[in-house]
$ cat start02.cif   # mmCIF, C-alpha atoms
data_work
#
loop_
_atom_site.label_atom_id
_atom_site.label_comp_id
_atom_site.auth_asym_id
_atom_site.auth_seq_id
_atom_site.Cartn_x
_atom_site.Cartn_y
_atom_site.Cartn_z
CA MET A 1 0.00 0.00 0.00
CA GLU A 2 1.28 3.48 -0.90
CA ILE A 3 0.22 6.99 -0.04
CA THR A 4 -1.01 8.73 -3.18
CA ASP A 5 -2.13 12.14 -1.93
CA ILE A 6 -2.62 14.45 1.04
CA GLU A 7 -5.26 17.16 1.26
CA ALA A 8 -5.87 19.65 4.07
CA PHE A 9 -9.14 21.44 4.87
CA ALA A 10 -9.46 24.55 7.02
CA ILE A 11 -12.65 24.75 9.10
CA ASN A 12 -14.08 26.91 11.87
CA VAL A 13 -16.41 25.67 14.64
CA PRO A 14 -18.13 27.84 17.30
CA LEU A 15 -18.27 27.06 21.02
CA VAL A 16 -21.51 26.78 22.98
CA PRO A 17 -22.14 29.84 25.24
CA PHE A 18 -21.64 29.43 28.99
CA GLU A 19 -25.29 30.25 29.73
CA ASP A 20 -26.33 27.31 27.51
CA GLY A 21 -24.07 24.89 29.35
CA GLY A 22 -20.99 25.49 27.21
CA ILE A 23 -17.62 27.14 27.78
CA ARG A 24 -17.83 30.29 25.60
CA PRO A 25 -16.02 32.62 26.05
CA TYR A 26 -13.01 30.47 26.91
CA VAL A 27 -10.66 32.98 28.48
CA THR A 28 -6.98 32.20 28.97
CA ASN A 29 -3.87 34.16 29.90
CA HIS A 30 -3.39 34.85 26.17
CA ASN A 31 -6.81 35.25 24.57
CA SER A 32 -10.58 34.83 24.71
CA LEU A 33 -12.08 32.23 22.39
CA THR A 34 -15.61 32.05 20.99
CA ASP A 35 -14.74 29.70 18.15
CA MET A 36 -11.72 27.81 16.85
CA ASP A 37 -9.99 27.27 13.52
CA ARG A 38 -8.90 23.71 12.84
CA VAL A 39 -7.30 21.94 9.89
CA LEU A 40 -8.41 18.44 8.90
CA VAL A 41 -5.97 16.30 6.92
CA ARG A 42 -6.95 13.42 4.64
CA VAL A 43 -4.34 10.91 3.49
CA ASP A 44 -5.29 8.76 0.48
CA THR A 45 -3.78 5.44 -0.64
CA ASP A 46 -3.65 3.39 -3.83
CA GLU A 47 -5.93 0.78 -2.24
CA GLY A 48 -8.79 3.22 -1.76
CA ILE A 49 -8.40 3.52 2.02
CA SER A 50 -8.18 7.06 3.40
CA GLY A 51 -7.29 8.22 6.88
CA TRP A 52 -7.92 11.44 8.78
CA GLY A 53 -5.86 13.64 11.06
CA GLU A 54 -6.41 17.02 12.67
CA VAL A 55 -4.25 19.92 13.78
CA ARG A 56 -4.64 23.37 15.28
CA VAL A 57 -3.99 26.35 13.01
CA PHE A 58 -0.48 27.81 12.89
CA LEU A 59 -0.53 31.55 12.12
CA THR A 60 -3.42 31.34 9.60
CA PRO A 61 -5.57 28.51 8.20
CA GLU A 62 -4.13 29.17 4.74
CA ALA A 63 -0.55 28.97 6.01
CA THR A 64 -1.21 25.69 7.80
CA VAL A 65 -2.87 24.13 4.75
CA SER A 66 0.04 25.24 2.56
CA ILE A 67 2.70 23.83 4.90
CA ILE A 68 0.99 20.44 4.97
CA GLU A 69 0.12 20.19 1.27
CA ASP A 70 3.23 21.88 -0.17
CA GLY A 71 5.77 21.12 2.56
CA ILE A 72 4.94 17.75 4.14
CA ARG A 73 3.18 16.07 1.20
CA PRO A 74 6.32 15.57 -0.98
CA PHE A 75 8.06 13.74 1.86
CA VAL A 76 5.41 11.06 2.27
CA VAL A 77 3.63 10.48 -1.08
CA GLY A 78 4.75 7.13 -2.49
CA GLN A 79 5.60 5.65 0.89
CA SER A 80 3.75 3.07 2.95
CA PRO A 81 1.42 4.29 5.72
CA PHE A 82 2.55 1.22 7.71
CA GLU A 83 6.17 2.42 7.87
CA LEU A 84 5.50 5.32 10.23
CA GLU A 85 8.87 5.39 11.95
CA LYS A 86 10.69 5.24 8.64
CA PHE A 87 9.10 8.16 6.88
CA ARG A 88 8.38 10.41 9.85
CA ARG A 89 12.12 10.52 10.53
CA GLN A 90 12.75 11.61 6.93
CA VAL A 91 10.75 14.81 7.36
CA PHE A 92 13.39 17.51 7.77
CA ILE A 93 12.91 21.24 7.33
CA GLU A 94 15.99 23.31 8.12
CA TYR A 95 15.61 25.71 11.07
CA ALA A 96 12.14 24.32 11.88
CA ASN A 97 10.55 21.53 13.89
CA ALA A 98 8.22 19.89 11.40
CA ASP A 99 6.70 17.50 13.95
CA MET A 100 3.59 19.64 14.50
CA PHE A 101 2.71 19.54 10.80
CA PHE A 102 3.66 15.91 10.33
CA ALA A 103 1.52 14.80 13.28
CA PRO A 104 -1.93 14.96 11.57
CA VAL A 105 -0.51 13.01 8.63
CA GLU A 106 0.93 10.41 11.01
CA VAL A 107 -2.40 10.07 12.83
CA ALA A 108 -4.15 9.67 9.47
CA CYS A 109 -1.72 6.83 8.66
CA TRP A 110 -2.65 5.09 11.91
CA ASP A 111 -6.27 5.49 10.81
CA ILE A 112 -5.43 3.82 7.51
CA VAL A 113 -3.58 0.99 9.23
CA GLY A 114 -6.48 0.39 11.61
CA LYS A 115 -9.01 0.35 8.79
CA SER A 116 -6.83 -1.96 6.69
CA LEU A 117 -6.38 -4.45 9.54
CA GLU A 118 -9.89 -3.88 10.91
CA LYS A 119 -8.42 -3.25 14.35
CA PRO A 120 -8.82 -0.29 16.72
CA ILE A 121 -5.64 1.73 17.20
CA TYR A 122 -5.47 1.19 20.98
CA GLU A 123 -5.24 -2.54 20.28
CA LEU A 124 -2.44 -2.05 17.74
CA LEU A 125 -0.60 -0.02 20.38
CA GLY A 126 -0.77 -2.95 22.77
CA GLY A 127 -4.19 -2.64 24.37
CA TRP A 128 -2.92 -1.14 27.61
CA THR A 129 -5.44 0.02 30.20
CA THR A 130 -5.35 1.09 33.84
CA PRO A 131 -7.99 0.93 36.58
CA SER A 132 -8.48 4.71 36.39
CA GLN A 133 -9.33 4.43 32.70
CA THR A 134 -12.03 1.77 32.89
CA ASN A 135 -15.64 1.84 33.99
CA MET A 136 -15.69 5.64 33.62
CA LYS A 137 -18.18 7.98 32.01
CA HIS A 138 -18.09 10.69 29.34
CA ARG A 139 -16.20 9.10 26.43
CA ASN A 140 -16.94 5.74 24.90
CA HIS A 141 -15.41 3.69 22.09
CA GLN A 142 -17.10 0.54 20.87
CA ASN A 143 -15.36 -1.78 18.46
CA ASP A 144 -16.93 -4.12 15.92
CA SER A 145 -17.18 -6.95 18.46
CA GLY A 146 -19.38 -4.81 20.68
CA ASP A 147 -16.79 -4.49 23.47
CA SER A 148 -17.06 -1.14 25.21
CA HIS A 149 -14.04 0.83 26.40
CA GLU A 150 -14.49 4.04 28.34
CA VAL A 151 -11.91 6.68 29.22
CA GLU A 152 -12.42 9.31 31.89
CA VAL A 153 -11.64 12.89 30.85
CA ALA A 154 -11.04 16.09 32.80
CA TYR A 155 -13.44 18.99 32.35
CA CYS A 156 -11.75 22.21 31.15
CA LEU A 157 -12.95 25.70 32.04
CA GLY A 158 -11.68 29.14 31.04
CA ILE A 159 -11.13 32.10 33.37
CA LEU A 160 -14.56 33.15 34.66
CA PRO A 161 -15.86 35.35 37.48
CA VAL A 162 -15.78 33.62 40.87
CA GLU A 163 -19.52 32.96 41.11
CA GLU A 164 -19.77 31.56 37.57
CA SER A 165 -16.81 29.28 38.32
CA ARG A 166 -18.49 28.15 41.51
CA GLN A 167 -21.72 27.39 39.63
CA ARG A 168 -19.98 25.39 36.93
CA ALA A 169 -17.97 23.35 39.46
CA ALA A 170 -21.22 22.14 41.02
CA GLU A 171 -22.59 21.24 37.58
CA VAL A 172 -19.42 19.40 36.61
CA LEU A 173 -19.52 17.31 39.78
CA GLN A 174 -23.19 16.55 39.19
CA GLU A 175 -22.38 15.32 35.67
CA GLY A 176 -19.96 12.77 37.11
CA TYR A 177 -16.55 14.30 36.45
CA SER A 178 -13.84 13.91 39.08
CA VAL A 179 -11.32 16.46 37.75
CA LEU A 180 -11.76 20.09 36.68
CA LYS A 181 -9.01 22.06 34.99
CA THR A 182 -9.29 25.84 34.89
CA LYS A 183 -7.21 28.42 33.09
CA ALA A 184 -5.43 31.15 35.08
CA GLY A 185 -2.66 33.70 34.80
CA ARG A 186 -4.28 37.12 34.35
CA ASP A 187 -4.68 37.88 38.08
CA TRP A 188 -3.07 35.47 40.53
CA LYS A 189 -5.21 36.68 43.46
CA GLU A 190 -8.37 36.05 41.43
CA ASP A 191 -7.02 32.61 40.50
CA ILE A 192 -6.76 31.72 44.20
CA ALA A 193 -10.28 33.02 44.88
CA ARG A 194 -11.79 30.92 42.07
CA ILE A 195 -10.16 27.67 43.18
CA LYS A 196 -11.19 28.26 46.78
CA ALA A 197 -14.79 29.01 45.74
CA MET A 198 -15.04 25.90 43.55
CA HIS A 199 -13.44 23.69 46.19
CA GLU A 200 -15.88 25.00 48.79
CA GLU A 201 -18.89 24.57 46.48
CA VAL A 202 -18.17 20.88 45.83
CA ASP A 203 -17.05 20.17 49.40
CA GLY A 204 -13.65 18.97 48.21
CA LYS A 205 -15.14 16.30 45.92
CA LEU A 206 -13.38 17.55 42.76
CA GLU A 207 -9.68 17.55 42.04
CA PHE A 208 -8.36 20.67 40.33
CA ARG A 209 -5.74 21.44 37.73
CA LEU A 210 -4.64 25.06 37.45
CA ASP A 211 -3.14 26.24 34.16
CA PRO A 212 -1.81 29.82 33.81
CA ASN A 213 -0.02 29.09 30.51
CA GLN A 214 3.30 30.49 31.79
CA GLY A 215 1.36 33.48 33.13
CA TRP A 216 2.92 33.82 36.59
CA THR A 217 6.30 34.94 37.79
CA THR A 218 8.03 32.51 40.13
CA ASP A 219 7.08 34.52 43.22
CA GLN A 220 3.43 34.64 42.13
CA ALA A 221 3.41 30.87 41.58
CA ILE A 222 4.82 30.40 45.08
CA ARG A 223 2.09 32.58 46.56
CA VAL A 224 -0.70 30.79 44.67
CA GLY A 225 0.49 27.29 45.49
CA SER A 226 1.30 28.06 49.11
CA GLU A 227 -1.97 29.85 49.85
CA LEU A 228 -3.98 27.00 48.36
CA ALA A 229 -1.98 24.47 50.38
CA ASP A 230 -2.53 26.53 53.55
CA ALA A 231 -6.26 26.31 52.81
CA GLY A 232 -6.02 22.52 52.51
CA ILE A 233 -6.38 22.54 48.73
CA TYR A 234 -3.84 20.33 46.99
CA LEU A 235 -4.01 20.51 43.21
CA GLN A 236 -3.71 17.43 41.04
CA TYR A 237 -1.01 19.56 39.44
CA MET A 238 -0.09 23.14 38.57
CA GLU A 239 0.37 23.23 34.80
CA GLN A 240 3.29 25.22 33.37
CA PRO A 241 2.98 28.03 35.93
CA ILE A 242 6.11 29.87 34.77
CA ARG A 243 7.94 30.37 31.49
CA VAL A 244 9.52 27.46 29.63
CA ASP A 245 13.21 26.58 30.06
CA ALA A 246 13.25 27.72 33.70
CA HIS A 247 13.71 24.18 34.94
CA LYS A 248 15.55 24.91 38.18
CA SER A 249 12.89 27.45 39.21
CA LEU A 250 10.18 24.93 38.30
CA ALA A 251 11.92 22.28 40.38
CA SER A 252 11.94 24.55 43.41
CA LEU A 253 8.24 25.36 43.24
CA LYS A 254 7.04 22.00 44.54
CA ASN A 255 9.26 22.26 47.60
CA GLN A 256 8.12 25.80 48.29
CA THR A 257 4.40 25.31 47.62
CA GLY A 258 3.61 21.65 48.29
CA GLN A 259 1.91 21.49 44.88
CA PRO A 260 2.87 19.06 42.06
CA MET A 261 4.28 20.62 38.89
CA GLY A 262 2.91 19.56 35.48
CA PRO A 263 5.00 21.08 32.67
CA ASN A 264 3.17 21.23 29.34
CA GLU A 265 4.65 23.77 26.91
CA ASP A 266 8.06 22.69 28.20
CA THR A 267 7.41 19.18 26.87
CA TYR A 268 6.83 20.53 23.33
CA LEU A 269 10.53 21.27 22.91
CA PRO A 270 12.71 18.41 21.66
CA HIS A 271 14.56 16.56 24.44
CA ASN A 272 13.10 18.82 27.16
CA LEU A 273 11.16 16.00 28.78
CA ARG A 274 14.37 14.18 29.66
CA ARG A 275 15.88 17.43 30.98
CA LEU A 276 12.79 18.04 33.13
CA VAL A 277 13.15 14.55 34.61
CA ASP A 278 16.88 14.97 35.24
CA THR A 279 16.33 18.37 36.90
CA GLY A 280 13.51 17.11 39.12
CA ALA A 281 11.25 19.76 37.60
CA ILE A 282 8.31 17.50 36.74
CA ASP A 283 5.75 15.65 38.86
CA VAL A 284 3.18 15.04 36.11
CA ALA A 285 3.94 14.88 32.38
CA VAL A 286 1.31 16.81 30.42
CA LEU A 287 2.04 15.51 26.92
CA ASP A 288 0.60 16.23 23.48
CA LEU A 289 0.80 14.02 20.41
CA THR A 290 0.92 16.96 17.95
CA PRO A 291 4.24 18.56 18.98
CA ALA A 292 5.51 15.02 19.61
CA GLY A 293 5.02 14.27 15.90
CA GLY A 294 2.04 11.92 16.26
CA ILE A 295 1.17 8.78 18.17
CA ALA A 296 4.56 7.13 17.57
CA GLY A 297 6.32 10.22 18.90
CA LEU A 298 3.99 10.27 21.87
CA ARG A 299 4.90 6.64 22.54
CA GLN A 300 8.56 7.65 22.82
CA GLN A 301 7.73 10.40 25.31
CA THR A 302 5.51 8.20 27.47
CA ALA A 303 8.33 5.66 27.73
CA ILE A 304 10.63 8.35 29.16
CA ALA A 305 8.06 9.49 31.72
CA GLU A 306 6.97 5.98 32.70
CA ASP A 307 10.56 4.86 33.20
CA ALA A 308 11.00 7.83 35.54
CA GLY A 309 7.90 6.86 37.51
CA ILE A 310 6.07 10.04 36.50
CA PRO A 311 2.28 9.92 35.92
CA ILE A 312 1.13 11.06 32.49
CA THR A 313 -1.88 12.86 31.10
CA HIS A 314 -2.69 14.33 27.68
CA HIS A 315 -3.19 17.97 26.83
CA CYS A 316 -6.25 19.35 24.98
CA ALA A 317 -5.82 21.86 22.14
CA PHE A 318 -9.51 22.46 21.40
CA ASP A 319 -9.81 19.15 19.60
CA LEU A 320 -12.69 18.10 17.40
CA GLY A 321 -13.68 14.47 17.01
CA VAL A 322 -10.75 13.35 14.87
CA ARG A 323 -7.97 14.34 17.27
CA THR A 324 -10.10 13.55 20.32
CA SER A 325 -10.48 10.00 18.99
CA ALA A 326 -6.74 9.73 18.39
CA ILE A 327 -6.04 10.91 21.94
CA LEU A 328 -8.49 8.43 23.46
CA HIS A 329 -6.92 5.54 21.55
CA ALA A 330 -3.43 6.69 22.57
CA VAL A 331 -4.16 7.05 26.29
CA HIS A 332 -6.00 3.72 26.27
CA GLY A 333 -3.25 1.92 24.34
CA LEU A 334 -0.01 3.36 25.73
CA PRO A 335 1.35 2.50 29.19
CA GLY A 336 1.87 5.33 31.63
CA PHE A 337 -1.35 7.32 31.16
CA SER A 338 -2.81 7.15 34.65
CA LEU A 339 -4.54 10.55 34.80
CA PRO A 340 -7.58 11.61 32.74
CA PRO A 341 -6.78 13.56 29.56
CA ASP A 342 -8.15 17.09 29.21
CA SER A 343 -11.06 17.68 26.85
CA VAL A 344 -13.38 20.47 25.70
CA TYR A 345 -15.35 18.20 23.36
CA TYR A 346 -18.60 18.92 25.23
CA GLY A 347 -18.13 22.63 24.42
CA TRP A 348 -18.50 22.46 20.63
CA GLU A 349 -21.67 23.51 18.82
CA ASP A 350 -21.03 20.80 16.21
CA ASP A 351 -18.42 18.32 15.03
CA VAL A 352 -17.03 17.05 11.74
CA ILE A 353 -17.71 13.41 12.57
CA VAL A 354 -21.02 11.65 13.17
CA ASN A 355 -19.95 8.69 15.35
#
$ encode --input "start02.cif" --output "structure tokens"
Amino acid sequence: MEITDIEAFAINVPLVPFEDGGIRPYVTNHNSLTDMDRVLVRVDTDEGISGWGEVRVFLTPEATVSIIEDGIRPFVVGQSPFELEKFRRQVFIEYANADMFFAPVEVACWDIVGKSLEKPIYELLGGWTTPSQTNMKHRNHQNDSGDSHEVEVAYCLGILPVEESRQRAAEVLQEGYSVLKTKAGRDWKEDIARIKAMHEEVDGKLEFRLDPNQGWTTDQAIRVGSELADAGIYLQYMEQPIRVDAHKSLASLKNQTGQPMGPNEDTYLPHNLRRLVDTGAIDVAVLDLTPAGGIAGLRQQTAIAEDAGIPITHHCAFDLGVRTSAILHAVHGLPGFSLPPDSVYYGWEDDVIVN
């Protein structure tokens, strides 16, 4: 089987408003989102089997489509979708990390392989599962044999006023979630107030992840983590609280705050995961298959974290059904994923897939 063509499609999907049970506007340290641009990637083969991948937009939808169709396509057309390690390592663009743009193509190849063999991807990855990933609600995959596999996900919430955050925390608990992740970083005092209000509203029955997207200085991160610990609130992890490549400062935060550190953007940089482990700057690995170069690249990263005894979860990048499905198969099939992946899938007005 050979790859014959690659085509990319830019789309835009709105988010459901907060008052209708959604998450719009989704406010972060960097922006406020009411919709999201995505690029879908279809890989075709000479045997009539096509696979799909998905990626977030880089700069503009047109630029992302061009990079994939004009830049990545020539590297992979004519090669076998089964030989993922072979041709993904041939993709080289001087002065650039092409992994992000190769990733949707790589995921589409896994899709092709699964369809060709009539096997779900998690099974091809080894069929790993953990107790925390079975018998859970919210996301279900059913294979042709009728076997059901469910993966718990963490609910994600933008920066909202304290009372709206409190209200949504109660609703999230009622819906059966056990983990809520909220954005932060614009006002560290407000971030503390929101977590305290949500924790109080649910009587400590939710675990929280706090993600300022590098939005705090080190001293602010110390104050946030320490004040929450003094209030008896211990986060599942604090996600990338300070800028990337400040590994020694990140390593000191756990000792000074009592809160686990979960680097995310730091893991996007090649070889940084190993440096984070060696520096003692990571308590939870918040990984992402797109900057890793796809599912095979993610498998390499999970091996590093698992060998170091570090729990792993998967990041959400406002994923529609295609990438959400890939993530669910990956966390169900790869060892080391012991914490629920993030998701905003419930926040979309629509999706590009039916099932």
$ atom_distance --input "start02.cif" --atom1 "CA of Asn355 (chain A)" --atom2 "CA of Val55 (chain A)"
19.4 Å
$ resolve_selection --input "start02.cif" --expression "the PyMOL selection byres ((chain A and resi 267) around 10)" --output "list of chain:residue names"
A:Gln240, A:Val244, A:Asp245, A:Gly262, A:Pro263, A:Asn264, A:Glu265, A:Asp266, A:Tyr268, A:Leu269, A:Pro270, A:His271, A:Asn272, A:Leu273, A:Arg274, A:Arg275, A:Leu276, A:Ala285, A:Val286, A:Leu287, A:Asp288, A:Pro291, A:Ala292, A:Gln301
$ residues_around --input "start02.cif" --residues "Arg42 (chain A)" --least-positions-apart "3" --cutoff "6 Å" --atoms "all atoms listed in the file" --output "ChimeraX atom specification"
/A:6-7,51-52
$ residues_around --input "start02.cif" --residues "Glu200 (chain A)" --least-positions-apart "5" --cutoff "12 Å" --atoms "all atoms listed in the file" --output "PDB file with C-alpha atoms, keeping the file's coordinate frame"
ATOM      1  CA  VAL A 162     -15.780  33.620  40.870  1.00  0.00           C
ATOM      2  CA  GLU A 163     -19.520  32.960  41.110  1.00  0.00           C
ATOM      3  CA  SER A 165     -16.810  29.280  38.320  1.00  0.00           C
ATOM      4  CA  ARG A 166     -18.490  28.150  41.510  1.00  0.00           C
ATOM      5  CA  GLN A 167     -21.720  27.390  39.630  1.00  0.00           C
ATOM      6  CA  ALA A 169     -17.970  23.350  39.460  1.00  0.00           C
ATOM      7  CA  ALA A 170     -21.220  22.140  41.020  1.00  0.00           C
ATOM      8  CA  ALA A 193     -10.280  33.020  44.880  1.00  0.00           C
ATOM      9  CA  ARG A 194     -11.790  30.920  42.070  1.00  0.00           C
ATOM     10  CA  ILE A 195     -10.160  27.670  43.180  1.00  0.00           C
ATOM     11  CA  LYS A 205     -15.140  16.300  45.920  1.00  0.00           C
ATOM     12  CA  LEU A 206     -13.380  17.550  42.760  1.00  0.00           C
ATOM     13  CA  GLU A 207      -9.680  17.550  42.040  1.00  0.00           C
ATOM     14  CA  ALA A 231      -6.260  26.310  52.810  1.00  0.00           C
ATOM     15  CA  GLY A 232      -6.020  22.520  52.510  1.00  0.00           C
ATOM     16  CA  ILE A 233      -6.380  22.540  48.730  1.00  0.00           C
TER      17      ILE A 233
END
$ closest_residue --input "start02.cif" --among "A:Ile222, A:Val41, A:Leu157, A:Cys316" --to "Trp188 (chain A)" --atoms "all atoms listed in the file"
A:Ile222
$ resolve_selection --input "start02.cif" --expression "the PyMOL selection byres ((chain A and resi 321) around 9)" --output "CSV table (one decimal) with C-alpha atoms, in the frame of the given file"
chain,number,residue,atom,x,y,z
A,54,GLU,CA,-6.4,17.0,12.7
A,319,ASP,CA,-9.8,19.2,19.6
A,320,LEU,CA,-12.7,18.1,17.4
A,322,VAL,CA,-10.8,13.4,14.9
A,323,ARG,CA,-8.0,14.3,17.3
A,324,THR,CA,-10.1,13.6,20.3
A,325,SER,CA,-10.5,10.0,19.0
A,326,ALA,CA,-6.7,9.7,18.4
A,345,TYR,CA,-15.4,18.2,23.4
A,351,ASP,CA,-18.4,18.3,15.0
A,352,VAL,CA,-17.0,17.0,11.7
A,353,ILE,CA,-17.7,13.4,12.6
A,354,VAL,CA,-21.0,11.6,13.2
A,355,ASN,CA,-20.0,8.7,15.4
$ resolve_selection --input "start02.cif" --expression "the PyMOL selection byres ((chain A and resi 108) around 7)" --output "PyMOL selection string"
chain A and resi 42-43+51-53+104-107+109-112
$ closest_residue --input "start02.cif" --among "A:Tyr237, A:Trp216, A:Phe75, A:Trp128" --to "Asn29 (chain A)" --atoms "only C-alpha atoms"
A:Trp216
$ residues_around --input "start02.cif" --residues "Ala103 (chain A)" --least-positions-apart "5" --cutoff "7 Å" --atoms "all atoms listed in the file" --output "mmCIF file with C-alpha atoms, keeping the file's coordinate frame"
data_model
loop_
_atom_site.group_PDB
_atom_site.id
_atom_site.type_symbol
_atom_site.label_atom_id
_atom_site.label_comp_id
_atom_site.auth_asym_id
_atom_site.auth_seq_id
_atom_site.Cartn_x
_atom_site.Cartn_y
_atom_site.Cartn_z
ATOM 1 C CA THR A 290 0.920 16.960 17.950
ATOM 2 C CA GLY A 293 5.020 14.270 15.900
ATOM 3 C CA GLY A 294 2.040 11.920 16.260
#
$ closest_residue --input "start02.cif" --among "A:Val76, A:Ala229, A:Val39, A:Ile121" --to "Asn12 (chain A)" --atoms "only C-alpha atoms"
A:Val39
$ closest_residue --input "start02.cif" --among "A:Tyr177, A:Tyr26, A:Phe82, A:Phe337" --to "Leu160 (chain A)" --atoms "only C-alpha atoms"
A:Tyr26
$ residues_around --input "start02.cif" --residues "Thr302 (chain A)" --least-positions-apart "2" --cutoff "12 Å" --atoms "all atoms listed in the file" --output "tab-separated table (two decimals) with C-alpha atoms, keeping the file's coordinate frame"
chain	number	residue	atom	x	y	z
A	267	THR	CA	7.41	19.18	26.87
A	273	LEU	CA	11.16	16.00	28.78
A	274	ARG	CA	14.37	14.18	29.66
A	284	VAL	CA	3.18	15.04	36.11
A	285	ALA	CA	3.94	14.88	32.38
A	286	VAL	CA	1.31	16.81	30.42
A	287	LEU	CA	2.04	15.51	26.92
A	288	ASP	CA	0.60	16.23	23.48
A	289	LEU	CA	0.80	14.02	20.41
A	292	ALA	CA	5.51	15.02	19.61
A	295	ILE	CA	1.17	8.78	18.17
A	296	ALA	CA	4.56	7.13	17.57
A	297	GLY	CA	6.32	10.22	18.90
A	298	LEU	CA	3.99	10.27	21.87
A	299	ARG	CA	4.90	6.64	22.54
A	300	GLN	CA	8.56	7.65	22.82
A	304	ILE	CA	10.63	8.35	29.16
A	305	ALA	CA	8.06	9.49	31.72
A	306	GLU	CA	6.97	5.98	32.70
A	307	ASP	CA	10.56	4.86	33.20
A	308	ALA	CA	11.00	7.83	35.54
A	309	GLY	CA	7.90	6.86	37.51
A	310	ILE	CA	6.07	10.04	36.50
A	311	PRO	CA	2.28	9.92	35.92
A	312	ILE	CA	1.13	11.06	32.49
A	313	THR	CA	-1.88	12.86	31.10
A	314	HIS	CA	-2.69	14.33	27.68
A	330	ALA	CA	-3.43	6.69	22.57
A	331	VAL	CA	-4.16	7.05	26.29
A	333	GLY	CA	-3.25	1.92	24.34
A	334	LEU	CA	-0.01	3.36	25.73
A	335	PRO	CA	1.35	2.50	29.19
A	336	GLY	CA	1.87	5.33	31.63
A	337	PHE	CA	-1.35	7.32	31.16
A	338	SER	CA	-2.81	7.15	34.65
$ residues_near_point --input "start02.cif" --point "(-8.2, 15.1, 28.3)" --cutoff "7 Å" --atoms "only C-alpha atoms" --output "list in words"
Val153, Ala154, His314, His315, Cys316, Pro340, Pro341, Asp342 and Ser343 of chain A
$ atom_distance --input "start02.cif" --atom1 "CA of Pro212 (chain A)" --atom2 "CA of Glu150 (chain A)"
29.2 Å
$ closest_residue --input "start02.cif" --among "A:Arg56, A:His247, A:His30, A:Arg186" --to "Met100 (chain A)" --atoms "all atoms listed in the file"
A:Arg56
$ atom_distance --input "start02.cif" --atom1 "CA of Leu339 (chain A)" --atom2 "CA of Asp99 (chain A)"
24.7 Å
$ build_atoms --input "start02.cif" --residues "region 156-166 of chain A" --atoms "N, CA, C and O atoms" --output "PDB file, in the coordinates of the input"
ATOM      1  N   CYS A 156     -12.590  21.016  31.267  1.00  0.00           N
ATOM      2  CA  CYS A 156     -11.750  22.210  31.150  1.00  0.00           C
ATOM      3  C   CYS A 156     -12.607  23.468  31.119  1.00  0.00           C
ATOM      4  O   CYS A 156     -13.598  23.535  30.396  1.00  0.00           O
ATOM      5  N   LEU A 157     -12.194  24.466  31.874  1.00  0.00           N
ATOM      6  CA  LEU A 157     -12.950  25.700  32.040  1.00  0.00           C
ATOM      7  C   LEU A 157     -12.007  26.888  31.879  1.00  0.00           C
ATOM      8  O   LEU A 157     -10.885  26.869  32.377  1.00  0.00           O
ATOM      9  N   GLY A 158     -12.475  27.932  31.179  1.00  0.00           N
ATOM     10  CA  GLY A 158     -11.680  29.140  31.040  1.00  0.00           C
ATOM     11  C   GLY A 158     -11.728  29.986  32.304  1.00  0.00           C
ATOM     12  O   GLY A 158     -12.331  29.607  33.319  1.00  0.00           O
ATOM     13  N   ILE A 159     -11.104  31.166  32.254  1.00  0.00           N
ATOM     14  CA  ILE A 159     -11.130  32.100  33.370  1.00  0.00           C
ATOM     15  C   ILE A 159     -12.501  32.775  33.398  1.00  0.00           C
ATOM     16  O   ILE A 159     -12.890  33.450  32.437  1.00  0.00           O
ATOM     17  N   LEU A 160     -13.222  32.588  34.489  1.00  0.00           N
ATOM     18  CA  LEU A 160     -14.560  33.150  34.660  1.00  0.00           C
ATOM     19  C   LEU A 160     -14.634  33.900  35.988  1.00  0.00           C
ATOM     20  O   LEU A 160     -13.790  33.696  36.869  1.00  0.00           O
ATOM     21  N   PRO A 161     -15.652  34.751  36.167  1.00  0.00           N
ATOM     22  CA  PRO A 161     -15.860  35.350  37.480  1.00  0.00           C
ATOM     23  C   PRO A 161     -16.044  34.265  38.544  1.00  0.00           C
ATOM     24  O   PRO A 161     -16.446  33.132  38.241  1.00  0.00           O
ATOM     25  N   VAL A 162     -15.764  34.590  39.780  1.00  0.00           N
ATOM     26  CA  VAL A 162     -15.780  33.620  40.870  1.00  0.00           C
ATOM     27  C   VAL A 162     -17.109  32.885  40.960  1.00  0.00           C
ATOM     28  O   VAL A 162     -17.149  31.656  41.063  1.00  0.00           O
ATOM     29  N   GLU A 163     -18.213  33.609  40.919  1.00  0.00           N
ATOM     30  CA  GLU A 163     -19.520  32.960  41.110  1.00  0.00           C
ATOM     31  C   GLU A 163     -19.884  32.058  39.942  1.00  0.00           C
ATOM     32  O   GLU A 163     -20.513  31.016  40.130  1.00  0.00           O
ATOM     33  N   GLU A 164     -19.514  32.432  38.715  1.00  0.00           N
ATOM     34  CA  GLU A 164     -19.770  31.560  37.570  1.00  0.00           C
ATOM     35  C   GLU A 164     -18.902  30.299  37.660  1.00  0.00           C
ATOM     36  O   GLU A 164     -19.349  29.197  37.310  1.00  0.00           O
ATOM     37  N   SER A 165     -17.678  30.450  38.122  1.00  0.00           N
ATOM     38  CA  SER A 165     -16.810  29.280  38.320  1.00  0.00           C
ATOM     39  C   SER A 165     -17.389  28.355  39.374  1.00  0.00           C
ATOM     40  O   SER A 165     -17.398  27.128  39.212  1.00  0.00           O
ATOM     41  N   ARG A 166     -17.875  28.936  40.447  1.00  0.00           N
ATOM     42  CA  ARG A 166     -18.490  28.150  41.510  1.00  0.00           C
ATOM     43  C   ARG A 166     -19.689  27.357  40.978  1.00  0.00           C
ATOM     44  O   ARG A 166     -19.837  26.162  41.244  1.00  0.00           O
TER      45      ARG A 166
END
